[in-house]
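Peer 1: mmCIF, C-alpha atoms, file structure_26.cif:
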data_input
#
loop_
_atom_site.label_atom_id
_atom_site.label_comp_id
_atom_site.auth_asym_id
_atom_site.auth_seq_id
_atom_site.Cartn_x
_atom_site.Cartn_y
_atom_site.Cartn_z
CA MET A 28 92.05 91.67 111.86
CA GLN A 29 95.33 93.28 112.79
CA ASN A 30 94.00 96.68 113.90
CA THR A 31 90.58 97.11 115.41
CA ILE A 32 90.27 100.75 114.33
CA CYS A 33 91.05 102.65 111.14
CA GLN A 34 94.50 104.14 111.46
CA SER A 35 93.30 107.33 109.75
CA CYS A 36 89.93 108.20 111.32
CA GLY A 37 89.63 105.85 114.30
CA MET A 38 86.46 104.15 113.06
CA PRO A 39 86.08 100.62 114.46
CA LEU A 40 86.86 97.97 111.83
CA THR A 41 84.55 95.09 112.62
CA SER A 42 84.17 93.50 109.18
CA LYS A 43 86.09 93.09 105.95
CA GLU A 44 83.43 95.16 104.18
CA GLN A 45 84.54 98.22 106.16
CA MET A 46 88.17 97.94 105.06
CA GLY A 47 89.73 100.11 102.38
CA LEU A 48 91.47 98.56 99.40
CA GLU A 49 95.14 98.36 98.49
CA LYS A 50 96.34 98.96 94.90
CA ASP A 51 96.13 95.22 94.17
CA GLY A 52 92.50 95.07 95.37
CA SER A 53 93.27 93.31 98.64
CA ALA A 54 91.74 94.57 101.88
CA SER A 55 93.78 97.10 103.83
CA VAL A 56 94.47 95.94 107.37
CA ASP A 57 95.01 99.54 108.51
CA TYR A 58 92.39 101.78 106.89
CA CYS A 59 88.62 101.92 106.33
CA LYS A 60 86.87 102.31 102.99
CA TYR A 61 85.95 105.90 103.80
CA CYS A 62 89.61 106.93 104.16
CA TYR A 63 91.51 104.67 101.77
CA GLU A 64 90.89 103.46 98.23
CA ARG A 65 93.18 101.74 95.72
CA GLY A 66 96.22 102.22 97.95
CA GLU A 67 95.73 105.97 98.47
CA PHE A 68 94.03 108.22 100.97
CA ILE A 69 90.80 109.63 99.60
CA ASP A 70 91.14 113.03 101.28
CA LYS A 71 94.52 114.68 100.76
CA VAL A 72 94.41 116.93 103.81
CA SER A 73 96.40 117.70 106.94
CA MET A 74 95.51 116.11 110.26
CA GLN A 75 93.97 119.38 111.48
CA GLU A 76 91.85 119.69 108.34
CA TYR A 77 90.70 116.09 108.77
CA ILE A 78 89.77 116.72 112.40
CA GLU A 79 87.63 119.66 111.26
CA MET A 80 85.95 117.46 108.63
CA CYS A 81 85.31 114.63 111.10
CA SER A 82 83.97 116.94 113.81
CA LEU A 83 80.79 117.26 111.75
CA TYR A 84 79.95 113.66 112.66
CA GLY A 85 79.93 114.15 116.44
CA ALA A 86 76.23 113.37 116.78
CA GLN A 87 76.75 109.93 115.22
CA ALA A 88 79.25 109.21 118.00
CA GLY A 89 76.87 110.50 120.68
CA MET A 90 78.84 113.71 121.27
CA SER A 91 78.51 117.35 120.36
CA ASN A 92 80.65 118.43 117.42
CA GLU A 93 83.00 120.23 119.83
CA GLN A 94 83.32 117.18 122.09
CA PHE A 95 84.03 114.98 119.08
CA LYS A 96 86.60 117.46 117.79
CA ALA A 97 88.38 117.34 121.17
CA HIS A 98 88.26 113.53 121.08
CA CYS A 99 89.74 113.45 117.55
CA THR A 100 92.43 115.96 118.53
CA LYS A 101 93.51 113.57 121.28
CA ILE A 102 93.26 110.31 119.28
CA PHE A 103 94.43 111.22 115.77
CA PRO A 104 98.11 111.85 116.65
CA THR A 105 98.32 108.23 117.85
CA LEU A 106 97.07 106.81 114.52
CA LYS A 107 99.48 105.44 111.92
CA ARG A 108 98.49 107.85 109.13
CA TRP A 109 99.19 110.95 111.17
CA GLN A 110 102.42 109.78 112.78
CA THR A 111 104.21 109.91 109.42
CA SER A 112 102.95 113.30 108.25
#
For the file at hand, write its structure as structure tokens.
Peer 2:
Amino acid sequence: MQNTICQSCGMPLTSKEQMGLEKDGSASVDYCKYCYERGEFIDKVSMQEYIEMCSLYGAQAGMSNEQFKAHCTKIFPTLKRWQTS
């Protein structure tokens, strides 16, 4: 796989099943299935709005929501999706 993390949310991409789909049905090499479907982003939001949404999942990453929000604030600007917006 070209990228090891989703270039929208930072989720590790460890299997083809986790990948989003392009318009032609092929697997996206950049984005996970939770962010990208049929060649489009599922959530049409700004980076800051997406960070707020993702911060609710801090416990799943072993962090408090505030710690996870700080982590996302640092990481998201380096991801492909957010560099073009």
Peer 1: Report as a ChimeraX atom specification all protein, DNA and RNA residues lying within 9 Å of Gly37 (chain A), evaluated on only C-alpha atoms, omitting residues in the same chain fewer than 4 positions from it.
Peer 2: /A:31-33,58-59,99,102-103,106
Peer 1: Convert the current residue selection to file output with C-alpha atoms, as a CSV table (one decimal), in the frame of the given file.
Peer 2:
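File result-v3.csv, as written:
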chain,number,residue,atom,x,y,z
A,31,THR,CA,90.6,97.1,115.4
A,32,ILE,CA,90.3,100.8,114.3
A,33,CYS,CA,91.0,102.6,111.1
A,58,TYR,CA,92.4,101.8,106.9
A,59,CYS,CA,88.6,101.9,106.3
A,99,CYS,CA,89.7,113.4,117.6
A,102,ILE,CA,93.3,110.3,119.3
A,103,PHE,CA,94.4,111.2,115.8
A,106,LEU,CA,97.1,106.8,114.5
Peer 1: Using only C-alpha atoms, which residues sit within 12 Å of Asn92 (chain A) once same-chain residues fewer than 6 positions away are excluded, as a PyMOL selection string?
Peer 2: chain A and resi 78-86+98-99
Peer 1: Residues near Pro104 (chain A), anyone? I mean within 12 Å using all atoms listed in the file, not counting same-chain ones fewer than 6 positions away, as a list of chain:residue names.
Peer 2: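 Selected residues are A:Gln34, A:Ser35, A:Cys36, A:Gly37, A:Ser73, A:Met74, A:Gln75, A:Tyr77, A:Ile78, A:His98, A:Gln110, A:Thr111, A:Ser112.
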Peer 1: For the selection you just gave me, I'd like the residues written to a file as a PDB file, in the frame of the given file, keeping C-alpha atoms.
Peer 2:
ATOM      1  CA  GLN A  34      94.500 104.140 111.460  1.00  0.00           C
ATOM      2  CA  SER A  35      93.300 107.330 109.750  1.00  0.00           C
ATOM      3  CA  CYS A  36      89.930 108.200 111.320  1.00  0.00           C
ATOM      4  CA  GLY A  37      89.630 105.850 114.300  1.00  0.00           C
ATOM      5  CA  SER A  73      96.400 117.700 106.940  1.00  0.00           C
ATOM      6  CA  MET A  74      95.510 116.110 110.260  1.00  0.00           C
ATOM      7  CA  GLN A  75      93.970 119.380 111.480  1.00  0.00           C
ATOM      8  CA  TYR A  77      90.700 116.090 108.770  1.00  0.00           C
ATOM      9  CA  ILE A  78      89.770 116.720 112.400  1.00  0.00           C
ATOM     10  CA  HIS A  98      88.260 113.530 121.080  1.00  0.00           C
ATOM     11  CA  GLN A 110     102.420 109.780 112.780  1.00  0.00           C
ATOM     12  CA  THR A 111     104.210 109.910 109.420  1.00  0.00           C
ATOM     13  CA  SER A 112     102.950 113.300 108.250  1.00  0.00           C
TER      14      SER A 112
END
Peer 1: For this structure, which residues satisfy the selection - the PyMOL selection byres ((chain A and resi 63-72) around 6) - when it is evaluated on the file as given? I want them as a VMD selection string.
Peer 2: chain A and resid 47 to 50 58 60 62 73 76
Peer 1: In Å, with one decimal, what is the gap from CA of Gln45 (chain A) to CA of Arg108 (chain A)?
Peer 2: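 Distance reported for this atom pair: 17.2 Å.
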Peer 1: Rounded to one decimal place, report the CA of Asp57 (chain A)-CA of Glu44 (chain A) distance in Å.
Peer 2: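 A separation of 13.1 Å between them.
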Peer 1: What separation in Å, quoted to one decimal, exists between CA of Ala97 (chain A) and CA of Pro39 (chain A)?
Peer 2: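 Distance between the two atoms: 18.2 Å.
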Peer 1: Kindly indicate which residue among A:Gly89, A:Thr105, A:Val56, A:Phe95 lies nearest to Lys43 (chain A), using all atoms listed in the file for the distances.
Peer 2: A:Val56
